[in-house]
2 protein chains.
Amino acid sequence: MGRQRTFDEDEVVRAAVGLFGGRAYDGVSVDDLVTHLGVHRNSLYKTFGSKRGLYLAALRRHLGDDVRPLAEALAAAPDAATVLRLVTAADLGLLLLAVVDRAPADEEVAAEVAAALAGIDQAIADALHIPTALAAGLTAAALGIVLRGNPDGVGAALTQRFDRQGK
Amino acid sequence: MGRQRTFDEDEVVRAAVGLFGGRAYDGVSVDDLVTHLGVHRNSLYKTFGSKRGLYLAALRRHLGDDVRPLAEALAAAPDAATVLRLVTAADLGLLLLAVVDRAPADEEVAAEVAAALAGIDQAIADALHIPTALAAGLTAAALGIVLRGNPDGVGAALTQRFDRQGK
DNA sequence: AATTTTGAGGAACGATCGTTCTTGACTGAT
DNA sequence: ATCAGTCAAGAACGATCGTTCCTCAAAATT
């Protein structure tokens, strides 16, 4: 029944993660999406409802494919240095942009990212046997390093000092 | 010669700092600026040249009025806890948004914020007598905590641990 | 008082925004 | 072979974007 699709929905969403992770939401136009995602305007709206719908799909995909595996890996981290290495090695562009750009204006986005960050906090707290508040501080510190472009040596200096305290 | 202004340029720029510090650049329209800044469209373009011109003026005002004083205060900080308290107490909304939102798309913005962050790094390094790389890590960590909304206890837990290492 | 200069006021510009509509091509079922 | 349903293609929608133009009011200079 009906013509079959010429685009892969999963590929489209993953490509959207890349686009939305590189620029602010308002900086990515629907024309950009249509051009770089290989999906037609009509199909985009048929499939995702709106630009925001595609953004939410991309965000959830990012949280599921990138952030949740990170939290699982963090659960086995032996020390803070490993934690920071794992976090800064992950591709968290969309999460970071979501926090500063969309969360203040879209409460659904705010809820998603808050839950994701809380999951990371908990994983770190469990892995290092430290209070959640301290783990949240570590998460924040790691995000700050990602924010600055992770000059690779900055985080190292910080965690070396942190870990000398013992677990 | 000529009619005198009915708006205060300094007030306009400070108000612009508030607006641009609260939402992404593309999320602040010229209509928003005209409405909330008490300056007429025509005067805005006459005075600042463009929306970007006003943004740059606001950014420089923010760096001069908020960030530079912070760096000077940091130079007298006795320990990392004071550093984080000072940084998280400062209003760095525009700086943060500039880093993630505008710097990647506007190299003039990128240069301004890079210099400002380097100034903070150096002030911390001098105050705590630590390597610049470690100070940059502290700056990044503080920005990350600001990013997460500074739950006030997160940063405290982190610096308590940091300072136990000694100065 | 006349002239000149500058800002205020507001309409209007072309471009682009997110979204929808119209048309035709393709595919599975009758 | 016909029909019904889905997708592709692209024009086009109204709204809003940043920016400019035109006209009038106010203040300094002559």
# chains A, B, ... in the order shown; residues from 1 in each chain; ligands from 1
call {"tool": "calpha_fit_and_write", "arguments": {"fixed": "chain A", "moving": "chain B", "output": "PDB file with C-alpha atoms, in the first residue's frame"}}
result
ATOM      1  CA  MET B   1       0.348  -0.185   0.544  1.00  0.00           C
ATOM      2  CA  GLY B   2       1.761   2.940  -1.002  1.00  0.00           C
ATOM      3  CA  ARG B   3       5.133   4.029  -2.164  1.00  0.00           C
ATOM      4  CA  GLN B   4       8.128   3.097  -0.067  1.00  0.00           C
ATOM      5  CA  ARG B   5      10.463   5.642   1.447  1.00  0.00           C
ATOM      6  CA  THR B   6      13.718   6.601  -0.163  1.00  0.00           C
ATOM      7  CA  PHE B   7      15.225   7.784   3.120  1.00  0.00           C
ATOM      8  CA  ASP B   8      16.168   5.981   6.295  1.00  0.00           C
ATOM      9  CA  GLU B   9      14.486   7.550   9.282  1.00  0.00           C
ATOM     10  CA  ASP B  10      17.302   6.507  11.595  1.00  0.00           C
ATOM     11  CA  GLU B  11      19.927   8.083   9.370  1.00  0.00           C
ATOM     12  CA  VAL B  12      17.905  11.269   9.184  1.00  0.00           C
ATOM     13  CA  VAL B  13      17.627  11.511  12.951  1.00  0.00           C
ATOM     14  CA  ARG B  14      21.339  10.822  13.433  1.00  0.00           C
ATOM     15  CA  ALA B  15      22.220  13.458  10.868  1.00  0.00           C
ATOM     16  CA  ALA B  16      19.909  15.861  12.682  1.00  0.00           C
ATOM     17  CA  VAL B  17      21.838  15.150  15.882  1.00  0.00           C
ATOM     18  CA  GLY B  18      24.954  16.337  14.075  1.00  0.00           C
ATOM     19  CA  LEU B  19      23.333  19.492  12.759  1.00  0.00           C
ATOM     20  CA  PHE B  20      21.575  20.494  15.968  1.00  0.00           C
ATOM     21  CA  GLY B  21      24.705  19.659  17.923  1.00  0.00           C
ATOM     22  CA  GLY B  22      26.756  22.069  15.884  1.00  0.00           C
ATOM     23  CA  ARG B  23      24.666  25.224  15.961  1.00  0.00           C
ATOM     24  CA  ALA B  24      21.915  26.754  18.027  1.00  0.00           C
ATOM     25  CA  TYR B  25      18.351  25.691  17.300  1.00  0.00           C
ATOM     26  CA  ASP B  26      17.419  28.922  15.559  1.00  0.00           C
ATOM     27  CA  GLY B  27      20.620  28.717  13.559  1.00  0.00           C
ATOM     28  CA  VAL B  28      19.505  25.519  11.864  1.00  0.00           C
ATOM     29  CA  SER B  29      16.804  26.262   9.299  1.00  0.00           C
ATOM     30  CA  VAL B  30      14.399  23.774   7.804  1.00  0.00           C
ATOM     31  CA  ASP B  31      16.165  24.397   4.497  1.00  0.00           C
ATOM     32  CA  ASP B  32      19.412  23.279   6.146  1.00  0.00           C
ATOM     33  CA  LEU B  33      17.715  20.144   7.381  1.00  0.00           C
ATOM     34  CA  VAL B  34      16.179  19.335   4.002  1.00  0.00           C
ATOM     35  CA  THR B  35      19.494  19.929   2.251  1.00  0.00           C
ATOM     36  CA  HIS B  36      21.764  17.968   4.593  1.00  0.00           C
ATOM     37  CA  LEU B  37      19.452  15.214   5.756  1.00  0.00           C
ATOM     38  CA  GLY B  38      18.386  13.796   2.418  1.00  0.00           C
ATOM     39  CA  VAL B  39      14.732  14.006   3.316  1.00  0.00           C
ATOM     40  CA  HIS B  40      12.094  16.012   1.536  1.00  0.00           C
ATOM     41  CA  ARG B  41      10.298  18.862   3.238  1.00  0.00           C
ATOM     42  CA  ASN B  42       7.005  17.080   2.971  1.00  0.00           C
ATOM     43  CA  SER B  43       8.355  13.852   4.396  1.00  0.00           C
ATOM     44  CA  LEU B  44       9.991  15.729   7.224  1.00  0.00           C
ATOM     45  CA  TYR B  45       6.698  17.197   8.342  1.00  0.00           C
ATOM     46  CA  LYS B  46       4.844  13.958   7.674  1.00  0.00           C
ATOM     47  CA  THR B  47       7.306  11.998   9.791  1.00  0.00           C
ATOM     48  CA  PHE B  48       8.202  14.390  12.599  1.00  0.00           C
ATOM     49  CA  GLY B  49       5.352  16.878  12.589  1.00  0.00           C
ATOM     50  CA  SER B  50       7.486  19.974  12.861  1.00  0.00           C
ATOM     51  CA  LYS B  51      11.012  21.258  13.184  1.00  0.00           C
ATOM     52  CA  ARG B  52      10.675  20.973  16.935  1.00  0.00           C
ATOM     53  CA  GLY B  53       9.438  17.404  16.542  1.00  0.00           C
ATOM     54  CA  LEU B  54      12.557  16.479  14.635  1.00  0.00           C
ATOM     55  CA  TYR B  55      14.663  18.287  17.201  1.00  0.00           C
ATOM     56  CA  LEU B  56      13.090  16.332  20.039  1.00  0.00           C
ATOM     57  CA  ALA B  57      13.611  13.088  18.121  1.00  0.00           C
ATOM     58  CA  ALA B  58      17.264  14.031  17.600  1.00  0.00           C
ATOM     59  CA  LEU B  59      17.677  14.958  21.250  1.00  0.00           C
ATOM     60  CA  ARG B  60      16.176  11.675  22.439  1.00  0.00           C
ATOM     61  CA  ARG B  61      18.307   9.768  20.008  1.00  0.00           C
ATOM     62  CA  HIS B  62      21.354  11.594  21.310  1.00  0.00           C
ATOM     63  CA  LEU B  63      20.411  10.828  24.896  1.00  0.00           C
ATOM     64  CA  GLY B  64      19.751   7.191  24.097  1.00  0.00           C
ATOM     65  CA  ASP B  65      22.682   6.532  21.790  1.00  0.00           C
ATOM     66  CA  ASP B  66      25.363   8.746  23.277  1.00  0.00           C
ATOM     67  CA  VAL B  67      24.503   9.808  26.802  1.00  0.00           C
ATOM     68  CA  ARG B  68      23.037   6.619  28.228  1.00  0.00           C
ATOM     69  CA  PRO B  69      25.985   4.477  27.087  1.00  0.00           C
ATOM     70  CA  LEU B  70      28.234   7.063  28.654  1.00  0.00           C
ATOM     71  CA  ALA B  71      26.413   6.701  31.958  1.00  0.00           C
ATOM     72  CA  GLU B  72      26.761   2.924  31.771  1.00  0.00           C
ATOM     73  CA  ALA B  73      30.465   3.217  31.077  1.00  0.00           C
ATOM     74  CA  LEU B  74      30.819   5.648  33.964  1.00  0.00           C
ATOM     75  CA  ALA B  75      29.316   3.106  36.335  1.00  0.00           C
ATOM     76  CA  ALA B  76      32.512   1.071  35.972  1.00  0.00           C
ATOM     77  CA  ALA B  77      34.939   3.971  36.292  1.00  0.00           C
ATOM     78  CA  PRO B  78      37.546   3.358  39.010  1.00  0.00           C
ATOM     79  CA  ASP B  79      38.523   6.983  39.595  1.00  0.00           C
ATOM     80  CA  ALA B  80      37.729  10.594  38.739  1.00  0.00           C
ATOM     81  CA  ALA B  81      40.362  10.733  36.031  1.00  0.00           C
ATOM     82  CA  THR B  82      38.579   7.963  34.157  1.00  0.00           C
ATOM     83  CA  VAL B  83      35.285   9.775  34.657  1.00  0.00           C
ATOM     84  CA  LEU B  84      36.592  12.954  33.088  1.00  0.00           C
ATOM     85  CA  ARG B  85      38.296  11.102  30.312  1.00  0.00           C
ATOM     86  CA  LEU B  86      35.084   9.268  29.445  1.00  0.00           C
ATOM     87  CA  VAL B  87      32.937  12.374  29.589  1.00  0.00           C
ATOM     88  CA  THR B  88      35.277  14.557  27.578  1.00  0.00           C
ATOM     89  CA  ALA B  89      35.783  11.806  24.993  1.00  0.00           C
ATOM     90  CA  ALA B  90      32.054  11.525  24.379  1.00  0.00           C
ATOM     91  CA  ASP B  91      30.365  13.674  21.757  1.00  0.00           C
ATOM     92  CA  LEU B  92      28.067  15.806  23.869  1.00  0.00           C
ATOM     93  CA  GLY B  93      27.546  18.743  21.536  1.00  0.00           C
ATOM     94  CA  LEU B  94      23.798  18.433  21.350  1.00  0.00           C
ATOM     95  CA  LEU B  95      23.388  17.881  25.082  1.00  0.00           C
ATOM     96  CA  LEU B  96      25.467  20.952  25.815  1.00  0.00           C
ATOM     97  CA  LEU B  97      23.582  23.119  23.356  1.00  0.00           C
ATOM     98  CA  ALA B  98      20.278  21.788  24.642  1.00  0.00           C
ATOM     99  CA  VAL B  99      21.183  22.853  28.176  1.00  0.00           C
ATOM    100  CA  VAL B 100      22.100  26.427  27.352  1.00  0.00           C
ATOM    101  CA  ASP B 101      20.002  27.093  24.283  1.00  0.00           C
ATOM    102  CA  ARG B 102      16.738  25.148  24.349  1.00  0.00           C
ATOM    103  CA  ALA B 103      16.148  24.076  27.941  1.00  0.00           C
ATOM    104  CA  PRO B 104      15.432  27.632  29.121  1.00  0.00           C
ATOM    105  CA  ALA B 105      12.796  28.028  26.396  1.00  0.00           C
ATOM    106  CA  ASP B 106      11.335  24.528  26.138  1.00  0.00           C
ATOM    107  CA  GLU B 107      10.363  22.741  29.319  1.00  0.00           C
ATOM    108  CA  GLU B 108      10.137  19.379  27.566  1.00  0.00           C
ATOM    109  CA  VAL B 109      13.765  19.753  26.572  1.00  0.00           C
ATOM    110  CA  ALA B 110      14.589  20.923  30.077  1.00  0.00           C
ATOM    111  CA  ALA B 111      13.040  17.801  31.574  1.00  0.00           C
ATOM    112  CA  GLU B 112      14.906  15.475  29.205  1.00  0.00           C
ATOM    113  CA  VAL B 113      18.311  16.998  29.810  1.00  0.00           C
ATOM    114  CA  ALA B 114      17.762  17.265  33.559  1.00  0.00           C
ATOM    115  CA  ALA B 115      16.979  13.560  33.711  1.00  0.00           C
ATOM    116  CA  ALA B 116      19.996  12.716  31.566  1.00  0.00           C
ATOM    117  CA  LEU B 117      22.345  14.772  33.718  1.00  0.00           C
ATOM    118  CA  ALA B 118      20.893  13.268  36.871  1.00  0.00           C
ATOM    119  CA  GLY B 119      21.583   9.830  35.407  1.00  0.00           C
ATOM    120  CA  ILE B 120      25.209  10.748  34.837  1.00  0.00           C
ATOM    121  CA  ASP B 121      25.477  12.155  38.345  1.00  0.00           C
ATOM    122  CA  GLN B 122      24.103   8.963  39.851  1.00  0.00           C
ATOM    123  CA  ALA B 123      26.390   6.731  37.800  1.00  0.00           C
ATOM    124  CA  ILE B 124      29.426   8.702  38.950  1.00  0.00           C
ATOM    125  CA  ALA B 125      28.277   8.723  42.560  1.00  0.00           C
ATOM    126  CA  ASP B 126      27.811   4.955  42.510  1.00  0.00           C
ATOM    127  CA  ALA B 127      31.085   4.263  40.729  1.00  0.00           C
ATOM    128  CA  LEU B 128      33.269   6.427  42.962  1.00  0.00           C
ATOM    129  CA  HIS B 129      31.219   5.953  46.146  1.00  0.00           C
ATOM    130  CA  ILE B 130      30.884   9.693  46.641  1.00  0.00           C
ATOM    131  CA  PRO B 131      27.888  11.876  47.530  1.00  0.00           C
ATOM    132  CA  THR B 132      25.578  12.814  44.670  1.00  0.00           C
ATOM    133  CA  ALA B 133      26.332  16.507  45.160  1.00  0.00           C
ATOM    134  CA  LEU B 134      30.024  15.877  44.613  1.00  0.00           C
ATOM    135  CA  ALA B 135      29.275  13.710  41.594  1.00  0.00           C
ATOM    136  CA  ALA B 136      27.115  16.509  40.182  1.00  0.00           C
ATOM    137  CA  GLY B 137      30.074  18.808  40.641  1.00  0.00           C
ATOM    138  CA  LEU B 138      32.254  16.411  38.699  1.00  0.00           C
ATOM    139  CA  THR B 139      29.680  16.218  35.920  1.00  0.00           C
ATOM    140  CA  ALA B 140      29.505  19.993  35.796  1.00  0.00           C
ATOM    141  CA  ALA B 141      33.274  20.257  35.719  1.00  0.00           C
ATOM    142  CA  ALA B 142      33.460  17.764  32.872  1.00  0.00           C
ATOM    143  CA  LEU B 143      30.819  19.654  30.922  1.00  0.00           C
ATOM    144  CA  GLY B 144      32.749  22.853  31.485  1.00  0.00           C
ATOM    145  CA  ILE B 145      35.852  21.261  30.047  1.00  0.00           C
ATOM    146  CA  VAL B 146      33.891  20.027  27.037  1.00  0.00           C
ATOM    147  CA  LEU B 147      32.541  23.555  26.706  1.00  0.00           C
ATOM    148  CA  ARG B 148      36.006  25.030  26.491  1.00  0.00           C
ATOM    149  CA  GLY B 149      36.983  22.624  23.767  1.00  0.00           C
ATOM    150  CA  ASN B 150      38.766  20.116  25.979  1.00  0.00           C
ATOM    151  CA  PRO B 151      42.404  21.177  25.505  1.00  0.00           C
ATOM    152  CA  ASP B 152      43.433  17.748  26.669  1.00  0.00           C
ATOM    153  CA  GLY B 153      45.686  18.369  29.602  1.00  0.00           C
ATOM    154  CA  VAL B 154      43.337  20.716  31.309  1.00  0.00           C
ATOM    155  CA  GLY B 155      41.117  17.922  32.477  1.00  0.00           C
ATOM    156  CA  ALA B 156      44.135  15.762  33.153  1.00  0.00           C
ATOM    157  CA  ALA B 157      45.657  18.314  35.504  1.00  0.00           C
ATOM    158  CA  LEU B 158      42.384  18.681  37.336  1.00  0.00           C
ATOM    159  CA  THR B 159      41.685  15.005  37.881  1.00  0.00           C
ATOM    160  CA  GLN B 160      45.236  14.180  38.820  1.00  0.00           C
ATOM    161  CA  ARG B 161      44.797  16.517  41.709  1.00  0.00           C
ATOM    162  CA  PHE B 162      41.330  15.223  42.468  1.00  0.00           C
ATOM    163  CA  ASP B 163      42.341  11.586  42.611  1.00  0.00           C
ATOM    164  CA  ARG B 164      45.316  12.123  44.875  1.00  0.00           C
ATOM    165  CA  GLN B 165      42.652  12.539  47.527  1.00  0.00           C
ATOM    166  CA  GLY B 166      41.882   8.825  47.236  1.00  0.00           C
ATOM    167  CA  LYS B 167      38.812   7.215  45.747  1.00  0.00           C
TER     168      LYS B 167
END
call {"tool": "closest_atom_pairs", "arguments": {"of": "chain D", "to": "chain A", "cutoff": "8 Å", "atoms": "only C-alpha atoms (C1' of nucleotides)", "output": "tab-separated table"}}
result
residue	atom	partner	partner_atom	distance
D:DG5	C1'	A:Gly2	CA	4.9
D:DT6	C1'	A:Gly2	CA	4.0
D:DC7	C1'	A:Arg3	CA	5.5
D:DA8	C1'	A:His40	CA	7.2
call {"tool": "closest_atom_pairs", "arguments": {"of": "chain C", "to": "chain B", "cutoff": "9 Å", "atoms": "only C-alpha atoms (C1' of nucleotides)", "output": "JSON lines"}}
result
{"residue": "C:DT4", "atom": "C1'", "partner": "B:Gly2", "partner_atom": "CA", "distance": 8.1}
{"residue": "C:DT5", "atom": "C1'", "partner": "B:Gly2", "partner_atom": "CA", "distance": 4.6}
{"residue": "C:DT6", "atom": "C1'", "partner": "B:Gly2", "partner_atom": "CA", "distance": 4.2}
{"residue": "C:DG7", "atom": "C1'", "partner": "B:Arg3", "partner_atom": "CA", "distance": 5.8}
{"residue": "C:DA8", "atom": "C1'", "partner": "B:His40", "partner_atom": "CA", "distance": 7.2}
{"residue": "C:DG9", "atom": "C1'", "partner": "B:His40", "partner_atom": "CA", "distance": 8.2}
call {"tool": "residues_around", "arguments": {"residues": "C:DA12", "least_positions_apart": "6", "cutoff": "12 Å", "atoms": "only C-alpha atoms (C1' of nucleotides)", "output": "list in words"}}
result
DT19, DT20, DC21 and DC22 of chain D
